[in-house]
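Here's model.cif, which has mmCIF, C-alpha atoms:
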```cif
data_start
#
loop_
_atom_site.label_atom_id
_atom_site.label_comp_id
_atom_site.auth_asym_id
_atom_site.auth_seq_id
_atom_site.Cartn_x
_atom_site.Cartn_y
_atom_site.Cartn_z
CA MET A 1 69.25 111.79 90.79
CA PRO A 2 71.34 111.12 93.94
CA GLN A 3 72.50 114.24 95.71
CA THR A 4 75.87 112.87 96.86
CA ASN A 5 79.00 112.40 94.78
CA ARG A 6 81.41 110.00 96.48
CA GLN A 7 85.08 110.60 95.67
CA VAL A 8 88.56 109.24 96.41
CA ARG A 9 91.27 111.84 96.96
CA LEU A 10 95.04 111.54 97.40
CA ALA A 11 95.80 112.19 101.07
CA ALA A 12 99.56 111.49 101.07
CA ARG A 13 102.30 110.51 98.66
CA PRO A 14 102.94 106.78 99.09
CA SER A 15 106.30 105.26 99.91
CA GLY A 16 106.26 101.83 98.31
CA LEU A 17 102.85 100.27 97.80
CA PRO A 18 99.97 102.70 98.43
CA ARG A 19 98.27 102.15 101.80
CA LEU A 20 94.73 102.92 102.86
CA ALA A 21 96.06 105.90 104.86
CA ASP A 22 97.23 107.48 101.58
CA TRP A 23 93.60 107.99 100.52
CA GLN A 24 90.76 110.22 101.67
CA PHE A 25 87.11 109.39 101.00
CA THR A 26 84.88 112.44 100.56
CA ASN A 27 81.25 113.22 99.74
CA GLU A 28 80.26 116.29 97.77
CA ALA A 29 77.16 117.49 95.98
CA VAL A 30 76.56 116.10 92.52
CA PRO A 31 77.80 118.81 90.12
CA ALA A 32 75.43 120.72 87.85
CA ALA A 33 75.99 121.35 84.15
CA GLY A 34 76.72 124.96 83.31
CA PRO A 35 76.60 126.49 79.83
CA GLY A 36 78.66 124.34 77.44
CA GLU A 37 79.02 121.53 79.98
CA PHE A 38 77.58 118.12 80.73
CA VAL A 39 77.45 115.84 83.76
CA ALA A 40 78.34 112.15 83.49
CA GLU A 41 77.61 109.37 85.93
CA ILE A 42 80.74 107.22 86.00
CA THR A 43 80.07 103.54 85.32
CA HIS A 44 83.59 102.12 84.85
CA LEU A 45 87.05 103.25 85.99
CA SER A 46 90.26 102.33 84.23
CA ILE A 47 92.85 100.94 86.68
CA ASP A 48 96.33 101.51 85.26
CA PRO A 49 99.95 101.05 86.41
CA ALA A 50 100.67 104.66 85.45
CA MET A 51 98.50 105.76 88.39
CA ARG A 52 101.31 104.85 90.77
CA GLY A 53 103.64 107.32 89.06
CA TRP A 54 101.01 110.07 89.11
CA MET A 55 101.07 109.95 92.91
CA ASN A 56 104.75 110.86 93.13
CA ALA A 57 106.11 114.38 93.40
CA GLY A 58 108.77 115.47 90.94
CA VAL A 59 109.23 116.06 87.25
CA SER A 60 107.43 113.63 84.94
CA TYR A 61 105.54 113.60 81.66
CA ILE A 62 102.41 114.81 83.48
CA PRO A 63 102.01 116.87 86.68
CA PRO A 64 101.48 114.76 89.81
CA VAL A 65 98.07 114.52 91.40
CA ASP A 66 97.92 117.24 94.05
CA ILE A 67 97.48 116.26 97.67
CA GLY A 68 93.78 116.62 98.42
CA ALA A 69 92.75 116.32 94.75
CA VAL A 70 90.43 113.68 93.32
CA MET A 71 92.62 110.83 92.06
CA ARG A 72 93.21 111.02 88.33
CA ALA A 73 91.62 108.18 86.33
CA GLY A 74 90.18 107.51 82.93
CA GLY A 75 86.63 106.30 82.93
CA ILE A 76 83.42 105.56 81.09
CA GLY A 77 80.33 107.55 81.98
CA ARG A 78 76.72 108.07 80.92
CA VAL A 79 75.58 111.65 80.38
CA THR A 80 72.84 112.51 82.88
CA ALA A 81 72.51 116.26 82.25
CA SER A 82 73.78 118.40 79.39
CA GLU A 83 74.07 122.03 78.35
CA HIS A 84 76.60 121.03 75.68
CA PRO A 85 75.48 120.85 72.02
CA GLY A 86 77.74 117.89 71.29
CA PHE A 87 76.59 115.60 74.10
CA ALA A 88 73.06 114.44 74.86
CA VAL A 89 71.55 112.78 77.90
CA GLY A 90 72.08 109.04 77.53
CA ASP A 91 75.33 109.29 75.56
CA TYR A 92 78.19 107.11 76.78
CA VAL A 93 81.52 108.92 76.95
CA TYR A 94 85.17 108.31 77.83
CA GLY A 95 87.30 110.91 79.59
CA THR A 96 89.71 111.55 82.44
CA PHE A 97 86.92 111.93 84.96
CA GLY A 98 88.74 110.89 88.17
CA VAL A 99 87.83 108.43 90.89
CA GLN A 100 84.35 109.68 91.68
CA GLU A 101 80.73 108.87 90.91
CA TYR A 102 79.88 112.00 88.90
CA ALA A 103 81.99 114.40 86.84
CA VAL A 104 81.29 117.66 85.04
CA SER A 105 83.04 118.34 81.72
CA ASP A 106 83.20 120.92 78.95
CA GLY A 107 83.83 118.11 76.46
CA ARG A 108 87.53 118.72 75.87
CA GLY A 109 89.41 115.44 75.65
CA VAL A 110 86.15 113.46 75.84
CA LEU A 111 85.24 110.73 73.35
CA LYS A 112 81.64 109.81 72.58
CA LEU A 113 81.37 106.03 72.38
CA ASP A 114 79.83 104.05 69.54
CA LEU A 115 78.09 101.19 71.36
CA SER A 116 77.04 99.62 68.07
CA LEU A 117 80.69 98.71 67.55
CA ALA A 118 81.60 97.39 71.00
CA GLU A 119 80.55 97.24 74.61
CA PRO A 120 81.59 100.25 76.74
CA THR A 121 84.44 98.46 78.54
CA ALA A 122 86.23 97.78 75.24
CA TYR A 123 86.87 101.52 75.09
CA LEU A 124 89.03 101.20 78.18
CA GLY A 125 90.96 98.33 76.57
CA VAL A 126 91.58 97.43 72.94
CA LEU A 127 89.64 100.44 71.57
CA GLY A 128 90.90 102.93 74.15
CA MET A 129 94.19 104.28 75.49
CA THR A 130 95.37 100.72 76.09
CA GLY A 131 95.03 99.79 72.42
CA LEU A 132 96.46 103.10 71.26
CA THR A 133 99.50 102.66 73.52
CA ALA A 134 100.19 99.21 72.11
CA TYR A 135 99.61 100.43 68.54
CA PHE A 136 101.94 103.43 68.54
CA GLY A 137 104.56 101.86 70.79
CA LEU A 138 104.92 98.81 68.59
CA LEU A 139 104.44 100.26 65.11
CA ASP A 140 105.99 103.74 65.45
CA THR A 141 108.57 103.49 68.22
CA GLY A 142 109.27 99.79 67.63
CA ARG A 143 109.15 100.12 63.82
CA LEU A 144 107.87 96.56 63.55
CA LYS A 145 108.56 94.80 60.24
CA GLU A 146 107.06 91.59 58.92
CA GLY A 147 109.17 88.65 60.07
CA ASP A 148 110.56 90.40 63.15
CA THR A 149 110.97 88.42 66.34
CA VAL A 150 109.04 90.35 68.98
CA VAL A 151 109.19 89.87 72.75
CA VAL A 152 106.56 91.43 75.03
CA SER A 153 106.85 91.53 78.82
CA GLY A 154 103.72 91.83 80.91
CA ALA A 155 102.23 89.84 78.04
CA ALA A 156 99.02 88.91 79.88
CA GLY A 157 98.39 92.50 80.95
CA ALA A 158 96.31 95.19 79.31
CA VAL A 159 98.85 96.78 76.95
CA GLY A 160 101.10 93.74 76.55
CA SER A 161 98.31 91.44 75.40
CA VAL A 162 97.26 93.93 72.72
CA ALA A 163 100.84 94.66 71.62
CA GLY A 164 101.47 90.96 71.03
CA GLN A 165 98.26 90.56 69.05
CA ILE A 166 99.13 93.52 66.83
CA ALA A 167 102.59 92.06 66.28
CA LYS A 168 100.98 88.82 65.07
CA ILE A 169 98.59 90.70 62.78
CA LYS A 170 101.59 92.47 61.24
CA GLY A 171 103.50 89.25 60.63
CA GLY A 172 105.80 89.05 63.63
CA GLN A 173 107.02 85.98 65.50
CA VAL A 174 105.83 86.81 69.03
CA ILE A 175 107.10 85.60 72.41
CA GLY A 176 105.36 86.70 75.59
CA ILE A 177 106.80 86.88 79.10
CA ALA A 178 104.26 86.47 81.91
CA GLY A 179 104.00 85.28 85.49
CA GLY A 180 102.67 81.77 86.04
CA GLN A 181 101.61 78.88 83.83
CA GLU A 182 97.97 79.97 83.64
CA LYS A 183 98.91 83.39 82.28
CA CYS A 184 101.35 81.77 79.85
CA ARG A 185 98.54 79.52 78.64
CA LEU A 186 96.32 82.55 78.03
CA VAL A 187 99.11 84.31 76.17
CA THR A 188 99.40 81.51 73.63
CA GLU A 189 95.89 80.04 73.51
CA GLU A 190 93.77 83.19 73.82
CA PHE A 191 96.00 86.00 72.59
CA GLY A 192 97.69 83.91 69.91
CA PHE A 193 101.37 84.48 70.75
CA ASP A 194 103.73 81.88 69.30
CA ALA A 195 105.32 81.09 72.68
CA ALA A 196 105.31 82.22 76.30
CA ILE A 197 107.95 82.20 79.03
CA ASP A 198 107.10 82.04 82.73
CA TYR A 199 109.51 84.51 84.30
CA ARG A 200 109.02 82.84 87.69
CA LEU A 201 110.89 79.79 86.44
CA PRO A 202 114.71 79.74 86.20
CA HIS A 203 116.81 80.21 83.07
CA LEU A 204 114.77 82.94 81.35
CA ARG A 205 117.74 83.97 79.22
CA ARG A 206 118.47 80.44 78.09
CA THR A 207 114.81 79.82 77.23
CA LEU A 208 114.62 83.08 75.30
CA ARG A 209 117.73 82.22 73.29
CA GLU A 210 116.22 78.84 72.44
CA LEU A 211 112.97 80.44 71.26
CA ALA A 212 114.70 83.29 69.42
CA PRO A 213 117.97 81.84 68.09
CA GLY A 214 118.39 84.78 65.72
CA GLY A 215 117.91 87.30 68.49
CA VAL A 216 115.12 89.69 69.47
CA ASP A 217 114.31 92.39 66.90
CA VAL A 218 111.70 94.28 68.96
CA TYR A 219 111.29 94.19 72.72
CA PHE A 220 108.11 95.84 74.04
CA ASP A 221 108.90 96.38 77.73
CA ASN A 222 106.19 96.88 80.33
CA VAL A 223 108.17 95.56 83.30
CA GLY A 224 111.76 96.83 83.52
CA GLY A 225 114.12 95.47 86.18
CA GLU A 226 115.69 92.03 85.83
CA ILE A 227 113.58 91.01 82.83
CA LEU A 228 114.81 94.01 80.83
CA ASP A 229 118.37 93.02 81.75
CA ASP A 230 117.76 89.47 80.58
CA VAL A 231 116.35 90.53 77.21
CA LEU A 232 119.25 92.93 76.66
CA THR A 233 121.54 89.91 76.41
CA CYS A 234 119.45 88.41 73.58
CA LEU A 235 119.23 91.24 71.05
CA ALA A 236 119.49 90.93 67.29
CA ARG A 237 121.51 93.44 65.28
CA LYS A 238 119.67 96.79 65.06
CA ALA A 239 117.10 95.73 67.67
CA ARG A 240 114.58 98.25 68.96
CA ILE A 241 113.59 98.29 72.63
CA VAL A 242 110.35 100.12 73.39
CA ILE A 243 110.08 101.43 76.94
CA CYS A 244 106.35 101.52 77.64
CA GLY A 245 106.47 100.97 81.40
CA ALA A 246 108.37 99.43 84.30
CA ILE A 247 105.80 98.05 86.71
CA SER A 248 108.44 96.10 88.63
CA GLN A 249 109.97 99.41 89.71
CA TYR A 250 106.94 101.60 90.46
CA ASN A 251 106.80 100.84 94.17
CA GLU A 252 110.56 100.76 94.74
CA THR A 253 112.12 103.55 96.76
CA GLN A 254 115.26 103.24 94.62
CA VAL A 255 114.68 102.46 90.96
CA ARG A 256 117.04 99.89 89.44
CA GLY A 257 118.25 100.68 85.95
CA PRO A 258 119.58 98.21 83.36
CA ALA A 259 123.00 96.76 84.14
CA ASN A 260 123.42 95.23 80.67
CA TYR A 261 122.93 98.44 78.73
CA MET A 262 126.26 98.00 76.91
CA MET A 263 124.53 95.28 74.87
CA LEU A 264 122.86 98.16 73.05
CA LEU A 265 126.30 99.06 71.71
CA VAL A 266 127.19 95.46 70.86
CA ALA A 267 123.94 94.96 68.92
CA ARG A 268 123.87 98.54 67.53
CA ALA A 269 120.41 98.64 69.08
CA SER A 270 118.20 101.45 70.34
CA MET A 271 116.13 101.85 73.50
CA THR A 272 113.40 104.48 73.28
CA GLY A 273 110.70 105.65 75.62
CA PHE A 274 107.39 106.89 74.30
CA LEU A 275 104.10 108.38 75.46
CA VAL A 276 100.82 107.73 73.71
CA PHE A 277 99.77 111.35 74.29
CA ASP A 278 102.35 112.46 71.72
CA TYR A 279 100.24 110.81 69.02
CA ALA A 280 96.93 112.52 69.86
CA ASP A 281 96.55 113.93 66.35
CA ARG A 282 96.71 110.39 64.96
CA TYR A 283 94.24 108.74 67.34
CA PRO A 284 91.43 108.60 64.74
CA GLU A 285 93.50 106.64 62.19
CA ALA A 286 94.73 104.21 64.86
CA MET A 287 91.23 103.80 66.32
CA ALA A 288 89.87 102.99 62.87
CA GLU A 289 92.48 100.27 62.31
CA LEU A 290 92.04 98.83 65.81
CA ALA A 291 88.26 98.80 65.35
CA GLY A 292 88.64 96.98 62.04
CA TRP A 293 90.77 94.27 63.63
CA TYR A 294 88.33 94.01 66.54
CA ARG A 295 85.31 93.62 64.25
CA ALA A 296 87.16 90.99 62.24
CA GLY A 297 87.94 88.99 65.38
CA GLN A 298 91.69 89.52 65.03
CA LEU A 299 91.92 91.40 68.33
CA VAL A 300 90.72 89.68 71.50
CA SER A 301 89.54 91.89 74.36
CA ARG A 302 90.04 90.41 77.82
CA GLU A 303 89.09 92.22 81.01
CA THR A 304 89.37 91.64 84.74
CA LEU A 305 86.21 93.34 85.98
CA VAL A 306 85.86 94.19 89.67
CA THR A 307 82.35 95.24 90.69
CA GLY A 308 82.10 97.58 93.66
CA SER A 309 82.10 101.26 94.58
CA VAL A 310 84.63 104.06 94.42
CA GLU A 311 85.68 103.07 97.96
CA ASP A 312 87.02 99.84 96.45
CA PHE A 313 89.51 101.73 94.29
CA PRO A 314 92.54 101.48 96.66
CA GLU A 315 92.23 97.71 96.98
CA THR A 316 91.56 97.27 93.27
CA LEU A 317 94.64 99.29 92.36
CA LEU A 318 96.84 96.91 94.36
CA LYS A 319 95.74 94.00 92.16
CA LEU A 320 97.98 95.41 89.43
CA PHE A 321 101.07 94.95 91.57
CA GLU A 322 99.99 91.53 92.81
CA GLY A 323 99.66 90.23 89.24
CA ALA A 324 96.00 89.45 89.93
CA ASN A 325 94.65 90.68 86.59
CA THR A 326 94.74 89.43 83.04
CA GLY A 327 94.04 91.91 80.30
CA LYS A 328 92.49 95.22 81.30
CA LEU A 329 91.70 95.84 84.98
CA ILE A 330 88.43 97.76 85.38
CA LEU A 331 86.41 98.83 88.41
CA ALA A 332 82.67 98.83 87.65
CA ILE A 333 80.82 101.18 90.00
#
```
Would you give me this structure, written as structure tokens?
Amino acid sequence: MPQTNRQVRLAARPSGLPRLADWQFTNEAVPAAGPGEFVAEITHLSIDPAMRGWMNAGVSYIPPVDIGAVMRAGGIGRVTASEHPGFAVGDYVYGTFGVQEYAVSDGRGVLKLDLSLAEPTAYLGVLGMTGLTAYFGLLDTGRLKEGDTVVVSGAAGAVGSVAGQIAKIKGGQVIGIAGGQEKCRLVTEEFGFDAAIDYRLPHLRRTLRELAPGGVDVYFDNVGGEILDDVLTCLARKARIVICGAISQYNETQVRGPANYMMLLVARASMTGFLVFDYADRYPEAMAELAGWYRAGQLVSRETLVTGSVEDFPETLLKLFEGANTGKLILAI
């Protein structure tokens, strides 16, 4: 086994887009497994928009990453040493292992992967936190009903692409918003949405009204900013807006809130934020349903896989904010 564990640590809190100077690259000894622990060699890192928020100081749903700490990240690993009765050498596992090559764990919060069901990377996407986020956001917070008109922003991204597919499975009429004609093509042809709107083209509101003449019943928002404002003008009575994320605002020094929020009053609508962690006790039931759809071919898993080392993490993270990925962005190390 190698003796060095390469890591990426947060060196400074970014202002705007993270820069290379905001990171520190360190080498430490590969950890050993103590009683009740195991060591995993990390094979894949989940690259998520939420990481940008974890770098900021201040009150949030989760404590910020400390300066000097290994950057927080979910990942897939293979157990290389174990003193834990529930994990054996060779097992593949998912956990919040951080941006490093090896991690030691006592097993809390770690999922053992069933590779007979799917390849490991699927557990970072449709069968992982990505799929669970789409599932609970759409079905619980969004209270999706058969026949609803559903709009999803960031529709070619990790969570958005799954949310739209679930909406179709449940009988919704689904419109995706994405950046560029190629992504819009993927949204309809690969993910099965009924229509897609390229937000880079003019007249988004007019196009949305044409596609949803009865108004939008559920809006699954991953973007925030101007697109949220546009959709607010197109709501059906009793619409539900699900605030999953706001990637357009994550690198802004001054966050822009919705100007058209009074449309919530006009439409008697609701706008609700949610966190997938609040549903932890229901993960097994959701995972079982997601796995069933995946086995049946009703859920498509698409990944943008970057092969490199942990040192490639800073550059890979920026791809999220450049719109360079479709589906789940993963760093294979």
Checklist entry - Which polymer residues have any atom within 8 Å of an atom of Val152 of chain A, counting all atoms listed in the file, with same-chain residues fewer than 6 positions away left out, as a list of chain:residue names? => result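 Skipping anything fewer than 6 positions along the chain leaves A:Gly160, A:Ala163, A:Gly164, A:Val174, A:Ile175, A:Gly176, A:Ile177, A:Tyr219, A:Phe220, A:Asp221, A:Asn222.
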Item to check | Ref. answer, residues at most 12 Å from (90.8, 98.7, 84.2) with only C-alpha atoms, as a PyMOL selection string | outcome: chain A and resi 43-51+73-76+120-126+128-130+157-159+302-307+313+316-320+325-333
Checklist entry - Nearest to Lys238 of chain A: which of A:Met71, A:Ala269, A:Ile166, A:Met262 is it, counting all atoms listed in the file? => result A:Ala269
Give me the result of the PyMOL selection byres ((chain A and resi 114) around 12) on this file, residue by residue, as a PDB file with C-alpha atoms, in the coordinates of the input.
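Written output follows (result-v9.pdb):
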```pdb
ATOM      1  CA  ASP A  91      75.330 109.290  75.560  1.00  0.00           C
ATOM      2  CA  TYR A  92      78.190 107.110  76.780  1.00  0.00           C
ATOM      3  CA  VAL A  93      81.520 108.920  76.950  1.00  0.00           C
ATOM      4  CA  TYR A  94      85.170 108.310  77.830  1.00  0.00           C
ATOM      5  CA  LEU A 111      85.240 110.730  73.350  1.00  0.00           C
ATOM      6  CA  LYS A 112      81.640 109.810  72.580  1.00  0.00           C
ATOM      7  CA  LEU A 113      81.370 106.030  72.380  1.00  0.00           C
ATOM      8  CA  LEU A 115      78.090 101.190  71.360  1.00  0.00           C
ATOM      9  CA  SER A 116      77.040  99.620  68.070  1.00  0.00           C
ATOM     10  CA  LEU A 117      80.690  98.710  67.550  1.00  0.00           C
ATOM     11  CA  ALA A 118      81.600  97.390  71.000  1.00  0.00           C
ATOM     12  CA  GLU A 119      80.550  97.240  74.610  1.00  0.00           C
ATOM     13  CA  PRO A 120      81.590 100.250  76.740  1.00  0.00           C
ATOM     14  CA  THR A 121      84.440  98.460  78.540  1.00  0.00           C
ATOM     15  CA  ALA A 122      86.230  97.780  75.240  1.00  0.00           C
ATOM     16  CA  TYR A 123      86.870 101.520  75.090  1.00  0.00           C
ATOM     17  CA  LEU A 127      89.640 100.440  71.570  1.00  0.00           C
ATOM     18  CA  MET A 287      91.230 103.800  66.320  1.00  0.00           C
ATOM     19  CA  ALA A 291      88.260  98.800  65.350  1.00  0.00           C
TER      20      ALA A 291
END
```
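Going from atom CA of Glu37 of chain A over to atom CA of Asn5 of chain A, you cover 17.4 Å.
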Item to check | Residue among A:Tyr261, A:Phe321, A:Tyr102, A:Trp54 lying closest to Ala32 of chain A, counting all atoms listed in the file | outcome: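 The shortest atom-to-atom distance to Ala32 of chain A comes from A:Tyr102.
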Item to check | atom CA of Arg256 of chain A to atom CA of Gly225 of chain A, distance in Å rounded to a single decimal | outcome: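 Interatomic distance, atom CA of Arg256 of chain A to atom CA of Gly225 of chain A: 6.2 Å.
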Expanded to explicit residues, what is the PyMOL selection byres ((chain A and resi 7-18) around 8) for this file, as a short mmCIF file (atom, residue, chain, number, x, y, z; two decimals) with C-alpha atoms, keeping the file's coordinate frame?
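Result saved to result.cif:
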```cif
data_model
loop_
_atom_site.label_atom_id
_atom_site.label_comp_id
_atom_site.auth_asym_id
_atom_site.auth_seq_id
_atom_site.Cartn_x
_atom_site.Cartn_y
_atom_site.Cartn_z
CA ASN A 5 79.00 112.40 94.78
CA ARG A 6 81.41 110.00 96.48
CA ARG A 19 98.27 102.15 101.80
CA LEU A 20 94.73 102.92 102.86
CA ALA A 21 96.06 105.90 104.86
CA ASP A 22 97.23 107.48 101.58
CA TRP A 23 93.60 107.99 100.52
CA GLN A 24 90.76 110.22 101.67
CA PHE A 25 87.11 109.39 101.00
CA THR A 26 84.88 112.44 100.56
CA ASN A 27 81.25 113.22 99.74
CA GLU A 28 80.26 116.29 97.77
CA MET A 55 101.07 109.95 92.91
CA ASN A 56 104.75 110.86 93.13
CA ALA A 57 106.11 114.38 93.40
CA VAL A 65 98.07 114.52 91.40
CA ASP A 66 97.92 117.24 94.05
CA ILE A 67 97.48 116.26 97.67
CA GLY A 68 93.78 116.62 98.42
CA ALA A 69 92.75 116.32 94.75
CA VAL A 70 90.43 113.68 93.32
CA MET A 71 92.62 110.83 92.06
CA VAL A 99 87.83 108.43 90.89
CA GLN A 100 84.35 109.68 91.68
CA GLU A 101 80.73 108.87 90.91
CA TYR A 250 106.94 101.60 90.46
CA ASN A 251 106.80 100.84 94.17
CA GLU A 252 110.56 100.76 94.74
CA THR A 253 112.12 103.55 96.76
CA VAL A 310 84.63 104.06 94.42
CA GLU A 311 85.68 103.07 97.96
CA PHE A 313 89.51 101.73 94.29
CA PRO A 314 92.54 101.48 96.66
CA LEU A 318 96.84 96.91 94.36
#
```
With all heavy atoms as the target, complete segment 222-231 of chain A and hand it back as a PDB file, in the frame of the given file.
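What follows is the written file selection-v3.pdb:
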```pdb
ATOM      1  N   ASN A 222     107.143  96.330  79.367  1.00  0.00           N
ATOM      2  CA  ASN A 222     106.190  96.880  80.330  1.00  0.00           C
ATOM      3  C   ASN A 222     106.644  96.695  81.773  1.00  0.00           C
ATOM      4  O   ASN A 222     105.940  97.114  82.691  1.00  0.00           O
ATOM      5  CB  ASN A 222     104.839  96.179  80.172  1.00  0.00           C
ATOM      6  CG  ASN A 222     104.178  96.472  78.839  1.00  0.00           C
ATOM      7  OD1 ASN A 222     103.844  97.602  78.542  1.00  0.00           O
ATOM      8  ND2 ASN A 222     104.000  95.440  78.030  1.00  0.00           N
ATOM      9  N   VAL A 223     107.805  96.061  81.973  1.00  0.00           N
ATOM     10  CA  VAL A 223     108.170  95.560  83.300  1.00  0.00           C
ATOM     11  C   VAL A 223     109.432  96.184  83.858  1.00  0.00           C
ATOM     12  O   VAL A 223     109.513  96.524  85.036  1.00  0.00           O
ATOM     13  CB  VAL A 223     108.309  94.014  83.239  1.00  0.00           C
ATOM     14  CG1 VAL A 223     108.841  93.474  84.550  1.00  0.00           C
ATOM     15  CG2 VAL A 223     106.960  93.382  82.922  1.00  0.00           C
ATOM     16  N   GLY A 224     110.479  96.321  83.032  1.00  0.00           N
ATOM     17  CA  GLY A 224     111.760  96.830  83.520  1.00  0.00           C
ATOM     18  C   GLY A 224     112.475  95.816  84.394  1.00  0.00           C
ATOM     19  O   GLY A 224     112.204  94.622  84.363  1.00  0.00           O
ATOM     20  N   GLY A 225     113.437  96.307  85.194  1.00  0.00           N
ATOM     21  CA  GLY A 225     114.120  95.470  86.180  1.00  0.00           C
ATOM     22  C   GLY A 225     114.906  94.328  85.559  1.00  0.00           C
ATOM     23  O   GLY A 225     115.528  94.457  84.502  1.00  0.00           O
ATOM     24  N   GLU A 226     114.874  93.172  86.222  1.00  0.00           N
ATOM     25  CA  GLU A 226     115.690  92.030  85.830  1.00  0.00           C
ATOM     26  C   GLU A 226     115.288  91.481  84.456  1.00  0.00           C
ATOM     27  O   GLU A 226     116.148  90.992  83.709  1.00  0.00           O
ATOM     28  CB  GLU A 226     115.583  90.918  86.872  1.00  0.00           C
ATOM     29  CG  GLU A 226     116.202  91.276  88.209  1.00  0.00           C
ATOM     30  CD  GLU A 226     116.097  90.143  89.217  1.00  0.00           C
ATOM     31  OE1 GLU A 226     115.642  89.040  88.814  1.00  0.00           O
ATOM     32  OE2 GLU A 226     116.460  90.357  90.377  1.00  0.00           O
ATOM     33  N   ILE A 227     114.015  91.554  84.125  1.00  0.00           N
ATOM     34  CA  ILE A 227     113.580  91.010  82.830  1.00  0.00           C
ATOM     35  C   ILE A 227     114.158  91.845  81.688  1.00  0.00           C
ATOM     36  O   ILE A 227     114.620  91.303  80.674  1.00  0.00           O
ATOM     37  CB  ILE A 227     112.046  90.931  82.769  1.00  0.00           C
ATOM     38  CG1 ILE A 227     111.551  89.894  83.770  1.00  0.00           C
ATOM     39  CG2 ILE A 227     111.576  90.591  81.357  1.00  0.00           C
ATOM     40  CD1 ILE A 227     110.049  89.783  83.880  1.00  0.00           C
ATOM     41  N   LEU A 228     114.169  93.162  81.839  1.00  0.00           N
ATOM     42  CA  LEU A 228     114.810  94.010  80.830  1.00  0.00           C
ATOM     43  C   LEU A 228     116.280  93.631  80.698  1.00  0.00           C
ATOM     44  O   LEU A 228     116.798  93.510  79.575  1.00  0.00           O
ATOM     45  CB  LEU A 228     114.666  95.481  81.223  1.00  0.00           C
ATOM     46  CG  LEU A 228     115.463  96.499  80.390  1.00  0.00           C
ATOM     47  CD1 LEU A 228     115.110  96.409  78.911  1.00  0.00           C
ATOM     48  CD2 LEU A 228     115.231  97.913  80.919  1.00  0.00           C
ATOM     49  N   ASP A 229     116.966  93.419  81.809  1.00  0.00           N
ATOM     50  CA  ASP A 229     118.370  93.020  81.750  1.00  0.00           C
ATOM     51  C   ASP A 229     118.562  91.707  81.024  1.00  0.00           C
ATOM     52  O   ASP A 229     119.512  91.529  80.260  1.00  0.00           O
ATOM     53  CB  ASP A 229     118.941  92.919  83.174  1.00  0.00           C
ATOM     54  CG  ASP A 229     119.785  94.133  83.547  1.00  0.00           C
ATOM     55  OD1 ASP A 229     120.281  94.803  82.626  1.00  0.00           O
ATOM     56  OD2 ASP A 229     119.944  94.406  84.744  1.00  0.00           O
ATOM     57  N   ASP A 230     117.662  90.761  81.247  1.00  0.00           N
ATOM     58  CA  ASP A 230     117.760  89.470  80.580  1.00  0.00           C
ATOM     59  C   ASP A 230     117.602  89.617  79.068  1.00  0.00           C
ATOM     60  O   ASP A 230     118.374  89.041  78.280  1.00  0.00           O
ATOM     61  CB  ASP A 230     116.696  88.503  81.118  1.00  0.00           C
ATOM     62  CG  ASP A 230     117.024  87.979  82.502  1.00  0.00           C
ATOM     63  OD1 ASP A 230     118.207  87.974  82.871  1.00  0.00           O
ATOM     64  OD2 ASP A 230     116.083  87.582  83.222  1.00  0.00           O
ATOM     65  N   VAL A 231     116.601  90.380  78.643  1.00  0.00           N
ATOM     66  CA  VAL A 231     116.350  90.530  77.210  1.00  0.00           C
ATOM     67  C   VAL A 231     117.495  91.271  76.532  1.00  0.00           C
ATOM     68  O   VAL A 231     117.830  90.989  75.368  1.00  0.00           O
ATOM     69  CB  VAL A 231     115.000  91.222  76.956  1.00  0.00           C
ATOM     70  CG1 VAL A 231     114.757  91.395  75.459  1.00  0.00           C
ATOM     71  CG2 VAL A 231     113.855  90.423  77.571  1.00  0.00           C
TER      72      VAL A 231
END
```
